[in-house]
Structure formats: C-alpha cells, structure tokens
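A short worksheet on the structure shown next.
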Amino acid sequence: MSEHIDKSVDSRGVVVVGAGPTGLLLAGDLAESGVPVTLLERRPPGLSNLSRALVVHATTLEAFDSRGIAAPLIERGAPVQSLRLFDTAVVDVSDLPTPYPYLLVVPQYETEAVLHERLERLGVRIRYDTEVVGLRQDADGVTVTARDASGTREERAAYVVGTDGSRSAVRSLLGVEFPGHTVVASVMLVDARLSQPPQARIATNTDGDKFAFVAPFKDGYHRIICWDQKHAKAETEPVELSEVREILRETLGTDFGMGEPRWSSRFHSDERQAEHYRVGRVFLAGDAAHTHSPAGGQGMNTGLLDAANLSWKLVAVLRGHADDALLDTYESERYPVGSAVIKGSGLLLRAAEIKMTPARKARNLAMHFALARPAVNRRIGYALSGLWISYPAPHGSHPLTGHRAGDVALDGAPSRLLEALRGGGFVLLAPAELHEAAERVGVRAPGVTTAVPADGGPVRLVRPDGYIAWAADAPTIEDVAKAIAAATDRRRPER
C-alpha cells in the first residue's frame with residue numbers, strides 16, 4: 001500500500017525513468033516545451049563515473065546544435081576526422097555534408113554534464129535514489145509506484161518513458177521481451193596516458209580472438225577498448241594492465257607506452273532489441289529498447305536520437321495538436337533504425353573476429369582497397385555518422401520527405417536551419433514571395449517558423465527533429481496550407 005500520492009507531476013505530464021543521456025535529453029526537451037516532467041533515477045546523486053560511450057557522431061551533434069548545446073560539448077571533446085580499421089584501411093569522414101564532419105571523442109560523463117546543465121537552466125529536478133517498482137495504466141494515464149528513502153509513493157502522469165538501461169525496470173514491469181544474446185563476454189575499458197600515441201588519432205585492429213581500439217580524449221588521456229575472447233574473465237574481475245598491454249602489442253604492434261589508468265572497467269556486450277517500443281502510454285528508449293556491440297560507437301547516439309524523435313511527438317499530443325496515434329510513429333520510425341544499428345555493428349564485430357590468418361589478411365586487403373574508393377568511404381562514413389537515417393514517407397510524396405534536412409543556410413537571422421529549430425517547432429523553408437503570399441491570405445500556424453533558404457531548392461516543412469515532413473517543388477498557397485495543417489494539427493476529425 002502506497003504511503004501517499006505525490007502531486008509533483010500532474011496528469012498532463014511525463015515521468016522519465018533513467019537519467020542517462022537519453023533520459024536527460026528527453027526530459028530537457030519536454031521541459032523546454034513547457035511539459036511537466038519528473039526524472040527518476042535509481043543511482044545516488046552525482047554524475048556517473050562510468051565512461052563507456054566515447055564518440056558523439058555528426059547527426060547527434062546536429063540534434064545538440066538545434067538545442068543550442070553543441071558548442072559546449074565540442075569544447076570538451078576532441079574532433080577526429082579519420083580512423084584506421086583493420087591494419088591500413090582508413091575511414092575519412094572529413095567531407096560529409098554536415099557542419100560536424102568528424103567523430104567527437106568525448107567521455108560519456110562530459111555529454112551527461114552538458115545535458116545536466118541544460119536541465120538545471122530549465123529548473124528540472126532529478127529524484128535520485130528512486131526505484132520504480134510498479135506501473136498501472138488506464139485510458140487517461142499511468143500510475144507510477146516509486147520507492148525511495150522515505151518509502152513508497154505513487155505519481156500520476158499522462159505518459160511514462162523508460163530510459164533506464166539494458167536492465168530496464170520499466171521494460172520488465174511492462175512484460176516486454178528483450179530477445180538476443182551476448183556477443184562479447186569480457187570487454188575491457190581503460191583510460192590511460194600513452195607516452196607514444198598512435199599516428200592515426202583513432203586506431204583499431206584485431207588478431208582473431210583479440211581486439212583493440214584506441215582513441216584520444218582532449219585532456220591527454222586515451223580510451224582503450226579491448227578484449228581477448230580466449231581468456232574472457234568475469235565482469236567482477238579487475239582489469240590487469242598486463243592483459244591490456246599484451247592485446248595492444250598483438251593487434252596494433254605496440255602498447256604505446258601505456259601508463260597507469262585513471263579508470264578501468266569490464267562489461268559484457270549484448271545484441272538485444274525490445275519486441276515493442278510502445279505499450280499503451282509507456283515507451284522505451286535508449287538501452288532499454290536496444291543494445292548492441294561497441295563496434296561503431298552507436299549505442300549512446302542511437303538512444304539520443306530516440307529521444308529527439310519521441311520528445312516533439314509527446315509535446316504535440318500533450319498540447320492537443322495531435323492525436324495519440326502520432327505516438328505510434330515513434331516505434332514505426334525508430335524500431336527499424338535500432339534493428340539496422342544492431343545488424344551493422346554486428347557485421348563489423350564479426351569481421352573483427354575472423355580467426356584464420358589467411359582470411360584476416362584477405363579482409364584487411366579488401367577493406368584497404370574498398371575504402372580507397374571515395375564512394376565506399378563515403379558510404380561507411382554515412383553509416384557511422386547516422387546521416388543515413390530516414391523515415392517512411394506516404395506514397396507519392398516528394399523524394400525529400402522523410403529525409404534529414406541538414407543545416408540549410410538561410411537568408412536573414414537566424415542564418416542556419418539548426419538555429420531556426422531551437423524554438424522546438426516546425427520550420428517552413430520557402431521563397432520570400434511564398435511567405436508573403438501566405439501571410440496575405442492568412443496561412444499561418446502556431447509553432448511554425450518561416451525561413452528563406454539561401455540556396456533556393458524545394459519548399460520544405462521541417463519537423464522539430466530536423467527531418468522533412470513535407471516537400472514540393474512548386475506548391476500553391478493551398479498546398480502549403482494543407483501541408484502545415486496536416487503536420488501541425490494531426491488530430492482525428494470528429495465524427
């Protein structure tokens with residue numbers, strides 16, 4: 001029996017369970033849009049000292065830019081424009097069509113710090129040492145049962161989002177299956193200084209059962225990720241530096257003069273995906289919805305983009321601008337992305353695990369020559385950076401519909417699309433004369449910013465998450481009005 005009902009979140013609000021990067025971004029988006037939000041975290045107060053994720057990709061940086069928080073994160077990280085794969089093969093991302101043509105190497109705790117600072121500015125309070133132990137749904141909302149030091153309490157909210165990791169309590173309470181398997185049993189993480197760092201800023205290679213990855217942080221330390229599948233140890237075992245040095249020497253030819261680490265850890269890596277991302281009024285995002293190997297550095301980035309996709313839809317529904325059915329598109333859009341990331345990282349991992357020496361040499365040679373071709377290099381860069389992601393579009397739509405808009409240069413202020421998106425609404429990109437004609441006939445909608453693209457191009461209506469909701473080459477005012485109405489007022493007509 002609950003001791004009391006907490007009124008801090010009302011029936012119009014959202015409870016977010018889990019204060020990792022995905023939950024922090026989602027809670028910030030909701031709060032910035034005026035939605036009541038409470039963030040529950042099982043851990044005690046203070047930033048986590050865990051640092052598993054270390055790469056922020058271009059698409060994620062664009063999402064941060066559209067919230068005005070990319071710059072402080074970039075200041076904390078080290079941009080890297082290429083990485084070495086399998087001996088001499090090099091992936092170069094320096095010419096990708098994005099303001100951020102690099103991999104930003106930055107510890108996860110720094111990403112969390114930037115997201116925490118945003119929440120503090122918005123006045124969002126995180127309730128630490130709080131465990132969710134029950135969920136009850138009905139037609140009007142969700143009752144969350146949470147336990148903290150003061151006892152057990154119930155809260156009422158319109159929706160709940162579980163961003164509470166691979167061992168998600170929310171997913172367990174929903175009874176959603178999380179099928180999959182362990183792919184690497186004993187991954188070692190080490191942050192240490194190297195007296196002789198690699199020439200390639202990011203270096204990675206494999207020798208059958210052994211794998212190593214080395215990348216620089218901005219503060220002079222390097223992150224080392226490695227494993228030896230023949231000598232896998234329990235996660236509770238300490239990381240022995242002799243193990244790490246041996247793996248580095250056998251895979252990359254040297255231990256780079258590795259010194260004593262400031263931090264080390266072991267963990268196992270799974271490939272799993274929740275059977276559903278939505279059950280009624282409860283959603284799963286981030287590691288609660290999908291986990292995969294560390295190959296490609298996709299985990300945290302995929303979760304952050306889950307949050308960017310879901311947050312504006314929750315806001316639209318809670319403001320009464322959209323029917324609850326809009327929330328179904330979260331799963332239909334993000335589930336395939338999660339599946340593709342699991343498949344892609346799995347293929348890269350299995351390529352790294354080739355054991356026979358002749359096969360490894362053939363792999364290395366094939367990768368070297370393949371990545372020497374600009375088209376192949378660009379394709380791999382798109383896959384790593386997240387620029388490949390697009391969402392389904394209605395039949396007969398303009399080819400741009402469902403694709404990422406990118407950072408379009410604009411005439412006037414703001415000067416870039418990502419800046420125009422900082423209001424959290426849609427942006428209509430159209431010639432000045434079309435905007436003027438629309439204004440004369442009264443075509444306008446709350447929450448839609450108008451902007452003139454400097455490069456001309458098709459008329460585009462861009463969603464709050466930076467994807468194109470609608471596009472046309474030469475639309476009439478009536479076409480624009482219908483598109484705005486369809487995108488910004490998705491309520492079902494009354495019968």
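Residues in the structure tokens are numbered from 1 in each chain, the chains being A, B, ... in the order shown, and ligands are numbered from 1 in the order shown.
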
7 Å contact set for Ala53 in chain A, only C-alpha atoms, chain neighbours under 3 positions out, as a PyMOL selection string: chain A and resi 107-108+300

Which of range 21-230 of chain A DSSP labels strand (DSSP E or B), written as a PyMOL selection string: chain A and resi 37-40+55-56+78-80+82-85+89-92+103-105+126-127+131-137+142-148+151-157+159-162+180-194+203-207+210-216+222-228

Can you write out as a Markdown table which residues of range 210-300 of chain A fall within 12 Å of range 83-88 of chain A, alongside each residue's closest atom pair and its distance in Å to one decimal, counting only C-alpha atoms and ordering rows by chain and ascending residue number?
```
| residue | atom | partner | partner_atom | distance |
| --- | --- | --- | --- | --- |
| A:Phe211 | CA | A:Phe86 | CA | 10.0 |
| A:Ala212 | CA | A:Phe86 | CA | 10.2 |
| A:Phe213 | CA | A:Leu85 | CA | 9.3 |
| A:Val214 | CA | A:Leu83 | CA | 9.7 |
| A:Ala215 | CA | A:Leu83 | CA | 8.9 |
| A:Pro216 | CA | A:Leu83 | CA | 11.4 |
| A:Glu250 | CA | A:Asp87 | CA | 11.9 |
| A:Thr251 | CA | A:Asp87 | CA | 8.7 |
| A:Leu252 | CA | A:Asp87 | CA | 7.8 |
| A:Gly253 | CA | A:Asp87 | CA | 10.1 |
| A:Ala295 | CA | A:Leu85 | CA | 11.1 |
| A:Gly296 | CA | A:Leu83 | CA | 10.7 |
```

Got time to write the residues from that selection, N, CA and C atoms, as a CSV table (one decimal), in the first residue's frame?
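To be explicit, this is the file written out as out.csv:
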```
chain,number,residue,atom,x,y,z
A,211,PHE,N,41.0,-8.0,-29.8
A,211,PHE,CA,40.6,-6.8,-30.5
A,211,PHE,C,41.0,-5.6,-29.7
A,212,ALA,N,41.4,-4.5,-30.3
A,212,ALA,CA,41.8,-3.3,-29.6
A,212,ALA,C,41.4,-2.1,-30.4
A,213,PHE,N,41.0,-1.0,-29.6
A,213,PHE,CA,40.6,0.3,-30.2
A,213,PHE,C,41.2,1.3,-29.3
A,214,VAL,N,41.8,2.3,-29.9
A,214,VAL,CA,42.5,3.4,-29.2
A,214,VAL,C,42.0,4.7,-29.7
A,215,ALA,N,41.6,5.7,-28.9
A,215,ALA,CA,41.2,7.0,-29.3
A,215,ALA,C,41.6,8.0,-28.3
A,216,PRO,N,41.8,9.3,-28.7
A,216,PRO,CA,42.3,10.3,-27.7
A,216,PRO,C,41.2,11.1,-27.1
A,250,GLU,N,49.8,-7.3,-29.7
A,250,GLU,CA,49.5,-8.3,-30.7
A,250,GLU,C,48.5,-7.8,-31.8
A,251,THR,N,47.7,-6.8,-31.5
A,251,THR,CA,46.8,-6.3,-32.5
A,251,THR,C,47.4,-5.0,-33.2
A,252,LEU,N,48.0,-4.2,-32.5
A,252,LEU,CA,48.5,-2.9,-33.0
A,252,LEU,C,50.0,-2.7,-33.1
A,253,GLY,N,50.7,-3.8,-32.6
A,253,GLY,CA,52.1,-3.8,-32.7
A,253,GLY,C,52.9,-3.1,-31.6
A,295,ALA,N,31.1,-1.9,-31.4
A,295,ALA,CA,31.7,-1.6,-32.8
A,295,ALA,C,30.9,-0.4,-33.4
A,296,GLY,N,31.6,0.6,-33.8
A,296,GLY,CA,31.0,1.8,-34.5
A,296,GLY,C,30.5,2.8,-33.5
```

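Of the listed residues A:Tyr391, A:Phe426, A:Phe283, A:Phe64, the one whose atoms come nearest to Pro336 in chain A is A:Tyr391, with distances taken using only C-alpha atoms.
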
Selection near Arg319 in chain A, 10 Å with only C-alpha atoms, sequence-local residues under 4 positions removed, as a PyMOL selection string: chain A and resi 12+33-35+313-315

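The protein and nucleic acid residues lying at most 8 Å from Ile342 in chain A are Glu271, Arg272, His290, Thr291, His292 and Ser293 of chain A, with only C-alpha atoms considered and sequence neighbours fewer than 5 positions away removed.
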
Residues from the last selection, all heavy atoms, saved as a PDB file, in the first residue's frame:
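That gives us selection_26.pdb:
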```
ATOM      1  N   GLU A 271      23.627  -8.211 -28.007  1.00  0.00           N
ATOM      2  CA  GLU A 271      22.782  -7.758 -29.116  1.00  0.00           C
ATOM      3  C   GLU A 271      21.350  -8.118 -28.749  1.00  0.00           C
ATOM      4  O   GLU A 271      20.962  -9.289 -28.746  1.00  0.00           O
ATOM      5  CB  GLU A 271      23.161  -8.435 -30.431  1.00  0.00           C
ATOM      6  CG  GLU A 271      24.479  -7.963 -31.019  1.00  0.00           C
ATOM      7  CD  GLU A 271      24.804  -8.636 -32.338  1.00  0.00           C
ATOM      8  OE1 GLU A 271      24.070  -9.572 -32.741  1.00  0.00           O
ATOM      9  OE2 GLU A 271      25.800  -8.252 -32.979  1.00  0.00           O
ATOM     10  N   ARG A 272      20.549  -7.092 -28.408  1.00  0.00           N
ATOM     11  CA  ARG A 272      19.164  -7.325 -27.997  1.00  0.00           C
ATOM     12  C   ARG A 272      18.295  -6.164 -28.466  1.00  0.00           C
ATOM     13  O   ARG A 272      18.766  -5.018 -28.560  1.00  0.00           O
ATOM     14  CB  ARG A 272      19.047  -7.463 -26.473  1.00  0.00           C
ATOM     15  CG  ARG A 272      19.814  -8.632 -25.887  1.00  0.00           C
ATOM     16  CD  ARG A 272      19.608  -8.765 -24.387  1.00  0.00           C
ATOM     17  NE  ARG A 272      20.426  -9.833 -23.855  1.00  0.00           N
ATOM     18  CZ  ARG A 272      20.097 -11.113 -23.853  1.00  0.00           C
ATOM     19  NH1 ARG A 272      18.905 -11.479 -24.345  1.00  0.00           N
ATOM     20  NH2 ARG A 272      20.897 -12.026 -23.363  1.00  0.00           N
ATOM     21  N   HIS A 290      17.197  -1.165 -26.965  1.00  0.00           N
ATOM     22  CA  HIS A 290      18.127  -1.851 -27.868  1.00  0.00           C
ATOM     23  C   HIS A 290      19.535  -1.792 -27.304  1.00  0.00           C
ATOM     24  O   HIS A 290      19.960  -0.778 -26.738  1.00  0.00           O
ATOM     25  CB  HIS A 290      18.112  -1.194 -29.258  1.00  0.00           C
ATOM     26  CG  HIS A 290      18.131   0.305 -29.199  1.00  0.00           C
ATOM     27  ND1 HIS A 290      19.262   1.036 -28.871  1.00  0.00           N
ATOM     28  CD2 HIS A 290      17.155   1.218 -29.391  1.00  0.00           C
ATOM     29  CE1 HIS A 290      18.981   2.330 -28.881  1.00  0.00           C
ATOM     30  NE2 HIS A 290      17.696   2.478 -29.175  1.00  0.00           N
ATOM     31  N   THR A 291      20.275  -2.870 -27.432  1.00  0.00           N
ATOM     32  CA  THR A 291      21.696  -2.898 -27.091  1.00  0.00           C
ATOM     33  C   THR A 291      22.437  -3.643 -28.186  1.00  0.00           C
ATOM     34  O   THR A 291      21.864  -4.492 -28.880  1.00  0.00           O
ATOM     35  CB  THR A 291      21.961  -3.598 -25.742  1.00  0.00           C
ATOM     36  OG1 THR A 291      21.512  -4.960 -25.827  1.00  0.00           O
ATOM     37  CG2 THR A 291      21.239  -2.900 -24.606  1.00  0.00           C
ATOM     38  N   HIS A 292      23.706  -3.341 -28.346  1.00  0.00           N
ATOM     39  CA  HIS A 292      24.495  -3.982 -29.398  1.00  0.00           C
ATOM     40  C   HIS A 292      25.966  -3.857 -29.054  1.00  0.00           C
ATOM     41  O   HIS A 292      26.333  -3.277 -28.015  1.00  0.00           O
ATOM     42  CB  HIS A 292      24.204  -3.340 -30.759  1.00  0.00           C
ATOM     43  CG  HIS A 292      24.081  -1.858 -30.709  1.00  0.00           C
ATOM     44  ND1 HIS A 292      25.163  -1.029 -30.693  1.00  0.00           N
ATOM     45  CD2 HIS A 292      22.997  -1.060 -30.613  1.00  0.00           C
ATOM     46  CE1 HIS A 292      24.760   0.215 -30.623  1.00  0.00           C
ATOM     47  NE2 HIS A 292      23.452   0.241 -30.547  1.00  0.00           N
ATOM     48  N   SER A 293      26.819  -4.391 -29.898  1.00  0.00           N
ATOM     49  CA  SER A 293      28.254  -4.377 -29.636  1.00  0.00           C
ATOM     50  C   SER A 293      28.778  -2.939 -29.683  1.00  0.00           C
ATOM     51  O   SER A 293      28.145  -2.060 -30.275  1.00  0.00           O
ATOM     52  CB  SER A 293      28.989  -5.224 -30.680  1.00  0.00           C
ATOM     53  OG  SER A 293      29.258  -4.467 -31.845  1.00  0.00           O
TER      54      SER A 293
END
```

Minimum-distance residue to Gly386 in chain A, chosen among A:Ala63, A:Leu421, A:Leu25, A:Leu461 (using only C-alpha atoms): A:Ala63

Residues within 6 Å of Leu304 in chain A, please, as a PDB file with N, CA and C atoms, in the first residue's frame. Count only C-alpha atoms; anything in the same chain fewer than 3 positions from it doesn't count.
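Contents of result_1.pdb, as written:
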```pdb
ATOM      1  N   THR A  22      20.018   9.516 -22.711  1.00  0.00           N
ATOM      2  CA  THR A  22      18.714   9.513 -23.385  1.00  0.00           C
ATOM      3  C   THR A  22      17.653  10.190 -22.528  1.00  0.00           C
ATOM      4  N   ASN A 301      24.495   7.297 -29.167  1.00  0.00           N
ATOM      5  CA  ASN A 301      23.962   8.130 -30.241  1.00  0.00           C
ATOM      6  C   ASN A 301      22.567   7.688 -30.653  1.00  0.00           C
ATOM      7  N   ALA A 307      15.338   9.819 -28.302  1.00  0.00           N
ATOM      8  CA  ALA A 307      14.738  10.899 -27.503  1.00  0.00           C
ATOM      9  C   ALA A 307      14.310  12.066 -28.381  1.00  0.00           C
TER      10      ALA A 307
END
```

I'd like the neighbourhood of Asp465 in chain A as a PDB file with N, CA, C and O atoms, in the first residue's frame, where a residue qualifies if any of its atoms comes within 9 Å (using only C-alpha atoms), though same-chain residues fewer than 4 positions away should be ignored.
```
ATOM      1  N   ALA A  63      21.603  17.383 -33.673  1.00  0.00           N
ATOM      2  CA  ALA A  63      20.492  17.445 -32.713  1.00  0.00           C
ATOM      3  C   ALA A  63      20.839  18.347 -31.536  1.00  0.00           C
ATOM      4  O   ALA A  63      20.007  19.122 -31.051  1.00  0.00           O
ATOM      5  N   SER A  66      20.621  22.008 -32.647  1.00  0.00           N
ATOM      6  CA  SER A  66      19.252  22.521 -32.719  1.00  0.00           C
ATOM      7  C   SER A  66      18.671  22.811 -31.345  1.00  0.00           C
ATOM      8  O   SER A  66      17.572  23.357 -31.236  1.00  0.00           O
ATOM      9  N   LEU A 305      19.036   9.940 -30.310  1.00  0.00           N
ATOM     10  CA  LEU A 305      18.139  10.208 -31.438  1.00  0.00           C
ATOM     11  C   LEU A 305      16.752   9.607 -31.205  1.00  0.00           C
ATOM     12  O   LEU A 305      15.762  10.129 -31.735  1.00  0.00           O
ATOM     13  N   ALA A 308      15.146  12.435 -29.362  1.00  0.00           N
ATOM     14  CA  ALA A 308      14.818  13.551 -30.248  1.00  0.00           C
ATOM     15  C   ALA A 308      13.578  13.256 -31.074  1.00  0.00           C
ATOM     16  O   ALA A 308      12.782  14.156 -31.366  1.00  0.00           O
ATOM     17  N   ASN A 309      13.381  11.992 -31.447  1.00  0.00           N
ATOM     18  CA  ASN A 309      12.206  11.609 -32.228  1.00  0.00           C
ATOM     19  C   ASN A 309      10.944  11.619 -31.377  1.00  0.00           C
ATOM     20  O   ASN A 309       9.878  12.075 -31.828  1.00  0.00           O
ATOM     21  N   SER A 311      10.358  13.144 -28.288  1.00  0.00           N
ATOM     22  CA  SER A 311      10.005  14.295 -27.452  1.00  0.00           C
ATOM     23  C   SER A 311       9.012  15.231 -28.133  1.00  0.00           C
ATOM     24  O   SER A 311       8.020  15.642 -27.520  1.00  0.00           O
ATOM     25  N   TRP A 312       9.240  15.575 -29.394  1.00  0.00           N
ATOM     26  CA  TRP A 312       8.340  16.549 -30.030  1.00  0.00           C
ATOM     27  C   TRP A 312       6.953  15.958 -30.250  1.00  0.00           C
ATOM     28  O   TRP A 312       5.951  16.688 -30.242  1.00  0.00           O
ATOM     29  N   ARG A 404      16.603  13.564 -43.641  1.00  0.00           N
ATOM     30  CA  ARG A 404      17.204  14.614 -42.827  1.00  0.00           C
ATOM     31  C   ARG A 404      17.328  15.887 -43.649  1.00  0.00           C
ATOM     32  O   ARG A 404      17.754  15.871 -44.796  1.00  0.00           O
ATOM     33  N   LEU A 421      15.559  25.884 -35.672  1.00  0.00           N
ATOM     34  CA  LEU A 421      14.861  24.785 -34.995  1.00  0.00           C
ATOM     35  C   LEU A 421      14.930  24.888 -33.472  1.00  0.00           C
ATOM     36  O   LEU A 421      14.289  24.109 -32.772  1.00  0.00           O
ATOM     37  N   GLY A 424      11.917  24.652 -31.061  1.00  0.00           N
ATOM     38  CA  GLY A 424      11.214  23.407 -30.791  1.00  0.00           C
ATOM     39  C   GLY A 424      10.006  23.162 -31.676  1.00  0.00           C
ATOM     40  O   GLY A 424       9.259  22.212 -31.445  1.00  0.00           O
ATOM     41  N   GLY A 425       9.810  23.993 -32.705  1.00  0.00           N
ATOM     42  CA  GLY A 425       8.668  23.817 -33.594  1.00  0.00           C
ATOM     43  C   GLY A 425       9.087  23.445 -34.999  1.00  0.00           C
ATOM     44  O   GLY A 425      10.255  23.159 -35.282  1.00  0.00           O
ATOM     45  N   PHE A 426       8.106  23.441 -35.907  1.00  0.00           N
ATOM     46  CA  PHE A 426       8.364  23.188 -37.321  1.00  0.00           C
ATOM     47  C   PHE A 426       8.973  24.442 -37.954  1.00  0.00           C
ATOM     48  O   PHE A 426       8.773  25.560 -37.475  1.00  0.00           O
TER      49      PHE A 426
END
```
